[in-house]
>>> print(open('structure.tsv').read())   # TSV, C-alpha atoms and all ligand atoms
chain	number	residue	atom	x	y	z
B	1	MET	CA	0.00	0.00	0.00
B	2	ALA	CA	1.27	3.50	-0.86
B	3	ASP	CA	2.59	5.56	2.03
B	4	ASP	CA	-0.04	8.27	2.77
B	5	LEU	CA	1.12	11.82	3.42
B	6	LEU	CA	0.65	13.42	6.84
B	7	HIS	CA	0.11	17.16	7.22
B	8	ALA	CA	-0.96	19.71	9.83
B	9	ARG	CA	-4.49	20.97	10.47
B	10	PRO	CA	-5.06	24.57	9.35
B	11	LYS	CA	-6.95	25.90	12.41
B	12	PHE	CA	-7.74	24.93	15.97
B	13	ASN	CA	-10.22	25.73	18.71
B	14	VAL	CA	-8.80	26.48	22.12
B	15	GLY	CA	-10.20	23.39	23.87
B	16	GLN	CA	-13.97	23.32	23.69
B	17	SER	CA	-14.22	27.12	23.55
B	18	SER	CA	-15.13	29.19	20.52
B	19	LEU	CA	-11.66	30.84	20.47
B	20	SER	CA	-9.86	29.80	17.33
B	21	VAL	CA	-6.11	29.99	16.60
B	22	GLY	CA	-3.64	29.31	13.79
B	23	PRO	CA	-1.55	26.11	13.57
B	24	ILE	CA	1.66	27.64	15.02
B	25	ALA	CA	1.97	29.87	18.10
B	26	TYR	CA	4.53	32.49	19.06
B	27	GLY	CA	6.12	32.47	22.52
B	28	CYS	CA	7.67	35.30	24.52
B	29	TRP	CA	10.02	33.42	26.86
B	30	ARG	CA	13.05	34.99	25.19
B	31	PHE	CA	11.43	38.43	24.92
B	32	ALA	CA	13.87	40.74	26.70
B	33	GLY	CA	14.67	44.41	27.07
B	34	THR	CA	12.42	47.43	27.06
B	35	GLU	CA	12.55	48.53	23.43
B	36	VAL	CA	9.02	48.45	22.10
B	37	LYS	CA	9.68	48.77	18.34
B	38	PRO	CA	11.65	45.51	17.86
B	39	ALA	CA	9.26	43.68	20.18
B	40	GLN	CA	6.31	44.98	18.18
B	41	ALA	CA	7.99	43.83	14.93
B	42	LYS	CA	8.16	40.25	16.29
B	43	ILE	CA	4.51	40.20	17.37
B	44	GLU	CA	3.41	41.72	14.07
B	45	ALA	CA	5.50	39.20	12.11
B	46	ALA	CA	3.90	36.34	14.03
B	47	LEU	CA	0.34	37.64	13.58
B	48	ALA	CA	0.96	38.32	9.88
B	49	CYS	CA	1.86	34.63	9.48
B	50	GLY	CA	-1.34	33.48	11.22
B	51	MET	CA	0.40	32.70	14.53
B	52	THR	CA	-2.52	34.10	16.46
B	53	LEU	CA	-1.85	32.46	19.82
B	54	ILE	CA	0.75	34.55	21.66
B	55	ASP	CA	2.12	32.76	24.72
B	56	THR	CA	3.85	34.42	27.65
B	57	ALA	CA	4.18	33.94	31.44
B	58	ASP	CA	4.67	36.14	34.48
B	59	ILE	CA	8.06	34.57	35.21
B	60	TYR	CA	9.48	35.24	31.71
B	61	GLY	CA	12.28	37.74	31.98
B	62	LYS	CA	13.75	36.29	35.18
B	63	GLY	CA	17.50	36.50	34.86
B	64	THR	CA	17.36	39.50	32.50
B	65	PRO	CA	17.45	43.14	33.58
B	66	GLY	CA	14.07	43.95	35.07
B	67	GLY	CA	13.55	40.27	35.88
B	68	PHE	CA	10.26	38.56	36.74
B	69	GLY	CA	7.37	40.10	34.83
B	70	SER	CA	9.48	41.94	32.29
B	71	ALA	CA	8.42	39.86	29.25
B	72	GLU	CA	4.74	40.47	30.10
B	73	GLU	CA	5.54	44.14	30.65
B	74	LEU	CA	7.17	44.38	27.21
B	75	LEU	CA	4.22	42.67	25.52
B	76	GLY	CA	1.92	45.07	27.41
B	77	ASP	CA	3.95	48.00	26.08
B	78	VAL	CA	3.52	46.64	22.54
B	79	LEU	CA	-0.24	46.46	23.12
B	80	LYS	CA	-0.25	49.99	24.47
B	81	ALA	CA	1.66	51.27	21.43
B	82	GLN	CA	-0.61	49.42	19.00
B	83	PRO	CA	-3.89	48.57	20.80
B	84	GLY	CA	-5.43	47.02	17.68
B	85	LEU	CA	-3.04	44.07	17.97
B	86	ARG	CA	-4.93	42.83	21.03
B	87	TYR	CA	-7.95	42.03	18.83
B	88	ASP	CA	-5.81	40.01	16.41
B	89	MET	CA	-4.40	37.66	19.05
B	90	VAL	CA	-5.47	35.02	21.52
B	91	LEU	CA	-3.40	36.08	24.52
B	92	ALA	CA	-2.09	33.26	26.69
B	93	SER	CA	-0.16	33.71	29.93
B	94	LYS	CA	0.80	31.61	32.92
B	95	GLY	CA	1.21	31.88	36.67
B	96	GLY	CA	2.10	29.61	39.55
B	97	ILE	CA	5.91	29.75	39.56
B	98	TRP	CA	7.29	31.98	42.26
B	99	PRO	CA	11.09	31.99	42.43
B	100	ASP	CA	12.57	30.40	44.52
B	101	THR	CA	9.66	28.73	46.35
B	102	PRO	CA	9.34	27.43	43.56
B	103	TYR	CA	5.59	26.82	43.01
B	104	ASN	CA	2.40	28.29	44.41
B	105	SER	CA	-1.08	27.62	43.05
B	106	SER	CA	-3.02	28.51	46.19
B	107	LYS	CA	-6.16	30.51	45.51
B	108	PRO	CA	-4.90	33.76	47.06
B	109	TYR	CA	-1.59	33.47	45.18
B	110	LEU	CA	-3.18	32.78	41.77
B	111	MET	CA	-5.83	35.52	42.18
B	112	ALA	CA	-3.10	38.06	42.94
B	113	ALA	CA	-0.68	36.74	40.28
B	114	CYS	CA	-3.31	36.95	37.55
B	115	GLU	CA	-4.25	40.49	38.60
B	116	LYS	CA	-0.59	41.53	38.31
B	117	SER	CA	-0.28	39.83	34.89
B	118	LEU	CA	-3.31	41.80	33.66
B	119	LYS	CA	-1.71	45.06	34.82
B	120	ARG	CA	1.61	44.28	33.13
B	121	LEU	CA	-0.10	43.14	29.93
B	122	LYS	CA	-2.30	46.27	30.02
B	123	THR	CA	-5.38	44.30	29.12
B	124	GLU	CA	-8.74	43.50	30.73
B	125	THR	CA	-8.73	39.76	30.07
B	126	ILE	CA	-6.24	36.95	29.49
B	127	ASP	CA	-7.75	34.61	26.90
B	128	LEU	CA	-5.95	31.49	28.14
B	129	TYR	CA	-4.53	31.44	31.67
B	130	GLN	CA	-2.31	28.43	32.36
B	131	ILE	CA	-0.92	26.97	35.57
B	132	HIS	CA	2.77	27.00	34.62
B	133	ARG	CA	3.87	24.01	36.67
B	134	PRO	CA	1.94	21.84	39.13
B	135	ASP	CA	2.14	23.00	42.75
B	136	LEU	CA	2.51	19.79	44.73
B	137	LEU	CA	1.10	21.38	47.89
B	138	THR	CA	-2.19	22.99	46.82
B	139	PRO	CA	-5.25	20.71	46.64
B	140	MET	CA	-6.59	20.47	43.09
B	141	GLU	CA	-10.00	21.55	44.42
B	142	GLU	CA	-8.50	24.89	45.47
B	143	VAL	CA	-6.70	25.39	42.12
B	144	ALA	CA	-10.03	24.73	40.36
B	145	GLU	CA	-11.78	27.23	42.65
B	146	ALA	CA	-9.19	29.89	41.79
B	147	LEU	CA	-9.56	29.31	38.04
B	148	SER	CA	-13.36	29.40	38.32
B	149	ALA	CA	-13.26	32.62	40.31
B	150	LEU	CA	-10.91	34.27	37.79
B	151	ARG	CA	-13.20	33.20	34.98
B	152	SER	CA	-16.43	34.34	36.62
B	153	GLN	CA	-14.78	37.72	37.34
B	154	GLY	CA	-13.98	38.03	33.61
B	155	LYS	CA	-10.22	38.12	34.23
B	156	ILE	CA	-9.61	35.03	32.12
B	157	ARG	CA	-11.63	33.46	29.33
B	158	GLU	CA	-10.24	29.90	29.42
B	159	ALA	CA	-7.87	27.98	31.68
B	160	GLY	CA	-5.20	25.43	30.94
B	161	VAL	CA	-2.14	23.77	32.42
B	162	SER	CA	1.49	23.24	31.53
B	163	ASN	CA	3.91	20.48	32.52
B	164	PHE	CA	1.13	18.56	34.32
B	165	THR	CA	1.23	14.77	34.32
B	166	PRO	CA	-1.89	13.16	32.86
B	167	SER	CA	-3.05	12.21	36.37
B	168	GLN	CA	-2.55	15.78	37.65
B	169	PHE	CA	-4.59	17.05	34.67
B	170	ARG	CA	-7.36	14.54	35.42
B	171	ALA	CA	-7.37	15.37	39.15
B	172	LEU	CA	-7.71	19.09	38.44
B	173	GLN	CA	-10.37	18.56	35.77
B	174	ALA	CA	-12.42	16.49	38.24
B	175	HIS	CA	-12.91	19.63	40.37
B	176	MET	CA	-13.46	22.13	37.55
B	177	ASP	CA	-16.87	23.40	36.50
B	178	PHE	CA	-15.62	24.01	32.95
B	179	PRO	CA	-13.25	22.05	30.71
B	180	LEU	CA	-9.51	22.67	30.85
B	181	ALA	CA	-8.73	24.14	27.44
B	182	SER	CA	-5.07	23.23	27.06
B	183	GLN	CA	-2.01	21.34	28.16
B	184	GLN	CA	1.52	22.59	27.40
B	185	PRO	CA	4.30	19.99	27.55
B	186	GLU	CA	7.80	20.19	26.13
B	187	PHE	CA	7.54	18.32	22.82
B	188	SER	CA	9.89	18.14	19.86
B	189	ALA	CA	11.78	15.63	17.74
B	190	LEU	CA	14.23	15.56	20.66
B	191	GLU	CA	11.69	15.36	23.50
B	192	LEU	CA	9.20	12.61	22.80
B	193	SER	CA	7.81	12.02	26.33
B	194	PRO	CA	4.29	13.43	25.66
B	195	ILE	CA	3.78	10.82	22.94
B	196	PHE	CA	4.51	7.96	25.30
B	197	ASP	CA	3.48	9.19	28.77
B	198	GLY	CA	-0.21	9.67	27.96
B	199	THR	CA	-0.14	13.49	27.68
B	200	LEU	CA	-1.10	13.69	24.00
B	201	ASP	CA	-3.59	10.82	24.35
B	202	GLN	CA	-5.26	12.76	27.13
B	203	CYS	CA	-5.50	15.89	24.98
B	204	GLN	CA	-7.46	13.80	22.49
B	205	GLU	CA	-9.59	12.30	25.26
B	206	PHE	CA	-10.53	15.69	26.77
B	207	GLY	CA	-10.48	17.80	23.59
B	208	ALA	CA	-7.75	19.99	25.12
B	209	LEU	CA	-5.42	21.99	22.91
B	210	ALA	CA	-1.88	20.54	22.88
B	211	LEU	CA	0.73	23.31	22.89
B	212	ALA	CA	4.34	22.18	22.41
B	213	TRP	CA	7.07	24.21	24.09
B	214	SER	CA	10.64	24.39	22.69
B	215	PRO	CA	9.60	22.60	19.46
B	216	LEU	CA	13.10	23.15	18.01
B	217	GLY	CA	14.63	21.76	21.17
B	218	GLY	CA	15.35	25.33	22.26
B	219	GLY	CA	17.47	25.74	19.08
B	220	ARG	CA	19.51	22.51	19.37
B	221	LEU	CA	17.82	21.02	16.31
B	222	MET	CA	19.07	24.03	14.33
B	223	THR	CA	22.54	24.57	15.80
B	224	GLY	CA	23.33	20.84	16.02
B	225	GLN	CA	24.93	21.39	19.43
B	226	ALA	CA	23.79	18.89	22.03
B	227	ASN	CA	23.59	19.77	25.72
B	228	THR	CA	25.89	16.89	26.59
B	229	ALA	CA	28.54	14.94	24.66
B	230	GLU	CA	26.55	11.72	25.27
B	231	ASP	CA	23.54	13.21	23.50
B	232	GLN	CA	25.43	14.37	20.37
B	233	GLU	CA	24.96	11.19	18.33
B	234	ARG	CA	21.22	11.10	19.03
B	235	LEU	CA	20.95	14.76	17.99
B	236	ASP	CA	22.97	14.16	14.80
B	237	ASN	CA	20.75	11.22	13.81
B	238	THR	CA	17.54	13.14	14.55
B	239	ILE	CA	18.78	16.05	12.44
B	240	LYS	CA	19.57	13.68	9.55
B	241	ALA	CA	16.02	12.26	9.65
B	242	LEU	CA	14.52	15.77	9.73
B	243	ASP	CA	16.74	16.89	6.84
B	244	VAL	CA	15.27	14.11	4.67
B	245	ILE	CA	11.79	15.60	5.25
B	246	ALA	CA	13.07	19.15	4.67
B	247	GLU	CA	14.71	18.16	1.38
B	248	LYS	CA	11.60	16.38	0.08
B	249	ASN	CA	9.58	19.54	0.81
B	250	ASN	CA	12.21	21.95	-0.47
B	251	THR	CA	12.18	23.74	2.86
B	252	ASP	CA	14.46	24.19	5.87
B	253	ARG	CA	14.96	21.96	8.90
B	254	ALA	CA	13.03	24.28	11.23
B	255	ALA	CA	9.88	23.81	9.11
B	256	ALA	CA	10.41	20.03	9.07
B	257	ALA	CA	10.97	19.91	12.84
B	258	LEU	CA	7.84	21.96	13.56
B	259	ALA	CA	5.80	19.87	11.11
B	260	PHE	CA	6.99	16.73	12.92
B	261	THR	CA	5.08	17.94	16.01
B	262	MET	CA	2.10	19.27	14.04
B	263	VAL	CA	1.15	16.06	12.24
B	264	HIS	CA	0.56	14.18	15.50
B	265	PRO	CA	-3.15	13.29	15.72
B	266	ALA	CA	-3.54	15.25	18.98
B	267	GLY	CA	-3.35	18.33	16.73
B	268	VAL	CA	-0.27	19.86	18.28
B	269	ILE	CA	0.47	23.59	18.03
B	270	PRO	CA	4.21	24.26	18.36
B	271	ILE	CA	5.13	27.48	20.19
B	272	ILE	CA	8.16	28.92	18.44
B	273	GLY	CA	10.57	31.21	20.26
B	274	THR	CA	12.89	32.80	17.72
B	275	GLN	CA	13.62	36.50	18.20
B	276	THR	CA	14.23	37.03	14.48
B	277	PRO	CA	11.22	38.22	12.41
B	278	ALA	CA	12.65	36.56	9.24
B	279	ARG	CA	12.79	33.21	11.07
B	280	ILE	CA	9.22	33.67	12.31
B	281	LYS	CA	8.16	34.04	8.68
B	282	GLU	CA	10.17	30.98	7.60
B	283	ALA	CA	8.64	28.90	10.39
B	284	ALA	CA	5.21	29.44	8.86
B	285	ASN	CA	6.30	27.11	6.02
B	286	ALA	CA	5.86	24.23	8.48
B	287	ALA	CA	2.12	24.32	7.85
B	288	LYS	CA	2.75	23.29	4.22
B	289	VAL	CA	5.14	20.40	4.95
B	290	LYS	CA	3.94	16.89	4.13
B	291	MET	CA	5.60	13.70	5.26
B	292	SER	CA	5.07	10.00	4.97
B	293	ARG	CA	4.40	7.75	7.92
B	294	SER	CA	7.82	6.22	7.47
B	295	ASP	CA	9.49	9.68	7.42
B	296	TRP	CA	7.78	10.46	10.75
B	297	TYR	CA	8.66	7.12	12.31
B	298	ASP	CA	12.26	7.53	11.11
B	299	VAL	CA	12.50	10.73	13.19
B	300	ILE	CA	11.00	8.96	16.22
B	301	GLN	CA	13.43	6.04	15.94
B	302	ALA	CA	16.44	8.29	15.34
B	303	SER	CA	15.52	10.28	18.44
B	304	MET	CA	14.93	7.15	20.51
B	305	GLY	CA	18.16	5.62	19.26
B	306	ALA	CA	16.26	2.37	18.85
B	307	LYS	CA	13.82	0.67	16.50
B	308	LEU	CA	10.20	0.45	17.60
B	309	PRO	CA	9.18	-3.18	18.14
B	401	LIG	N1	5.54	25.97	29.70
B	401	LIG	C1	6.83	25.94	29.89
B	401	LIG	O1	7.33	25.46	30.92
B	401	LIG	C2	7.73	26.50	28.84
B	401	LIG	C3	9.12	26.36	28.91
B	401	LIG	C4	9.91	26.88	27.88
B	401	LIG	C5	9.29	27.54	26.81
B	401	LIG	N2	7.92	27.69	26.77
B	401	LIG	C6	7.24	28.37	25.65
B	401	LIG	O2	7.76	27.89	24.42
B	401	LIG	C7	8.21	28.99	23.66
B	401	LIG	C8	9.30	28.58	22.72
B	401	LIG	O3	10.41	28.05	23.44
B	401	LIG	P1	11.85	28.13	22.78
B	401	LIG	O4	12.22	29.55	22.57
B	401	LIG	O5	12.76	27.27	23.55
B	401	LIG	O6	11.51	27.46	21.35
B	401	LIG	P2	12.35	26.93	20.12
B	401	LIG	O7	11.65	27.49	18.92
B	401	LIG	O8	12.54	25.47	20.27
B	401	LIG	O9	13.81	27.59	20.24
B	401	LIG	C9	14.05	28.92	19.91
B	401	LIG	C10	15.55	29.12	19.89
B	401	LIG	O10	16.07	28.49	18.72
B	401	LIG	C11	16.97	29.38	18.11
B	401	LIG	N3	17.15	29.12	16.67
B	401	LIG	C12	18.33	28.83	16.08
B	401	LIG	N4	18.19	28.69	14.75
B	401	LIG	C13	16.90	28.89	14.48
B	401	LIG	C14	16.14	28.87	13.28
B	401	LIG	N5	16.68	28.65	12.09
B	401	LIG	N6	14.83	29.10	13.34
B	401	LIG	C15	14.25	29.34	14.54
B	401	LIG	N7	14.91	29.38	15.73
B	401	LIG	C16	16.23	29.15	15.70
B	401	LIG	C17	16.37	30.74	18.38
B	401	LIG	O11	17.39	31.72	18.23
B	401	LIG	P3	17.08	33.14	17.50
B	401	LIG	O12	16.22	33.88	18.45
B	401	LIG	O13	18.43	33.70	17.33
B	401	LIG	O14	16.41	32.84	16.19
B	401	LIG	C18	15.93	30.59	19.81
B	401	LIG	O15	17.00	30.82	20.70
B	401	LIG	C19	8.58	30.04	24.70
B	401	LIG	O16	8.64	31.33	24.19
B	401	LIG	C20	7.45	29.87	25.67
B	401	LIG	O17	6.30	30.54	25.21
B	401	LIG	C21	7.15	27.17	27.77
>>> encode(input="structure.tsv", output="structure tokens")
Amino acid sequence: MADDLLHARPKFNVGQSSLSVGPIAYGCWRFAGTEVKPAQAKIEAALACGMTLIDTADIYGKGTPGGFGSAEELLGDVLKAQPGLRYDMVLASKGGIWPDTPYNSSKPYLMAACEKSLKRLKTETIDLYQIHRPDLLTPMEEVAEALSALRSQGKIREAGVSNFTPSQFRALQAHMDFPLASQQPEFSALELSPIFDGTLDQCQEFGALALAWSPLGGGRLMTGQANTAEDQERLDNTIKALDVIAEKNNTDRAAAALAFTMVHPAGVIPIIGTQTPARIKEAANAAKVKMSRSDWYDVIQASMGAKLP
């Protein structure tokens, strides 16, 4: 039988809500500094390419001048300079990490954190508010109460989670009076855990949007530099398998690597993080990439360093 071609979906709903977003998202983790014009150029480049979900978090900016909150502040300054952009985006942010505690998802903490995010972002509502990492000490019932209260006060439209295990997601959902709209794991050709640990299955089970963070392995898939010497061979082999897909599509490796995440049946939206508007534009080519089943499985097996049984 001929090998059928896999490709990405063109549009997505944010969970079971009516909010709809493009197939690739733009993330602001690496957004730094206070200069509005270059920041605005990145957001405009993303929106122009249909990357309508813009993802940030209150903690982004930690370690840069200005620190915690500065990436949200910069995005808020962009929205102040060009208020019309707010209507073109689905704005996603996160709370729940408080350095160096490190996590707090108690109701009082989340209510206050979200309020501060709204102020920094200079907006009335966050479209998708995500718990950044699970707080092991707050009962899920209380986290659900906080998210419900934020939603009924109009401060957030939808709620989601990030880096939750499938059982943590299920435990939180059991106490919610509305469906969790998203889950955000690390997922790329180098980080395959969500495929095998139930995370992406659960997104299909609950109809939650699957957002993949660091879909280029934080740049490693492009630079070819592994984090450790032991991981270099695995990276080299994964890159080779991605380059086969890129060549067949007459595109670059970034587009092939993003498409690798996007063709998964959970309907994954990769959140790209480049700070270069030209690379944002190039990344949009991922939506056009097609690959065979065997191309996709070749990437998986190269990354695993083993054949599937
Ligand atoms: N929920 C979480 O816990 C969590 C954690 C981490 C990230 N995130 C989200 O995921 C987003 C993306 O993460 P990420 O920045 O690590 O994603 P990524 O897209 O995997 O990596 C981006 C990095 O790759 C580099 N790069 C090198 N060559 C490139 C090329 N040809 N094309 C594109 N990029 C290239 C970029 O450098 P240049 O800027 O020089 O292009 C940038 O440093 C974040 O902004 C954030 O929204 C979430």
>>> residues_around(input="structure.tsv", residues="stretch 95-109 of chain B", least_positions_apart="3", cutoff="7 Å", atoms="all atoms listed in the file", output="count of residues only")
15
>>> axis_aligned_box(input="structure.tsv", around="ligand LIG 401 (chain B)", padding_each_side="5 Å", output="AutoDock Vina command-line options")
--center_x 12.0 --center_y 29.7 --center_z 21.5 --size_x 22.9 --size_y 18.4 --size_z 28.8
>>> residues_near_ligand(input="structure.tsv", ligand="ligand LIG 401 (chain B)", cutoff="8 Å", atoms="only C-alpha atoms and all ligand atoms", output="ChimeraX atom specification")
/B:26-31,54-57,132-133,162-163,184-186,188,212-223,252-254,270-276,279-280,282-283
>>> atom_distance(input="structure.tsv", atom1="atom CA of B:Lys62", atom2="atom CA of B:Gly33")
11.5 Å
>>> closest_residue(input="structure.tsv", among="B:Thr34, B:Ser148, B:Thr165, B:Gln40", to="B:Pro179", atoms="all atoms listed in the file")
B:Ser148
>>> closest_residue(input="structure.tsv", among="B:Leu85, B:Ile24, B:Val14, B:Leu91", to="B:Gln183", atoms="all atoms listed in the file")
B:Val14
>>> closest_residue(input="structure.tsv", among="B:Leu118, B:Leu209, B:Leu308, B:Val289", to="B:His7", atoms="only C-alpha atoms")
B:Val289
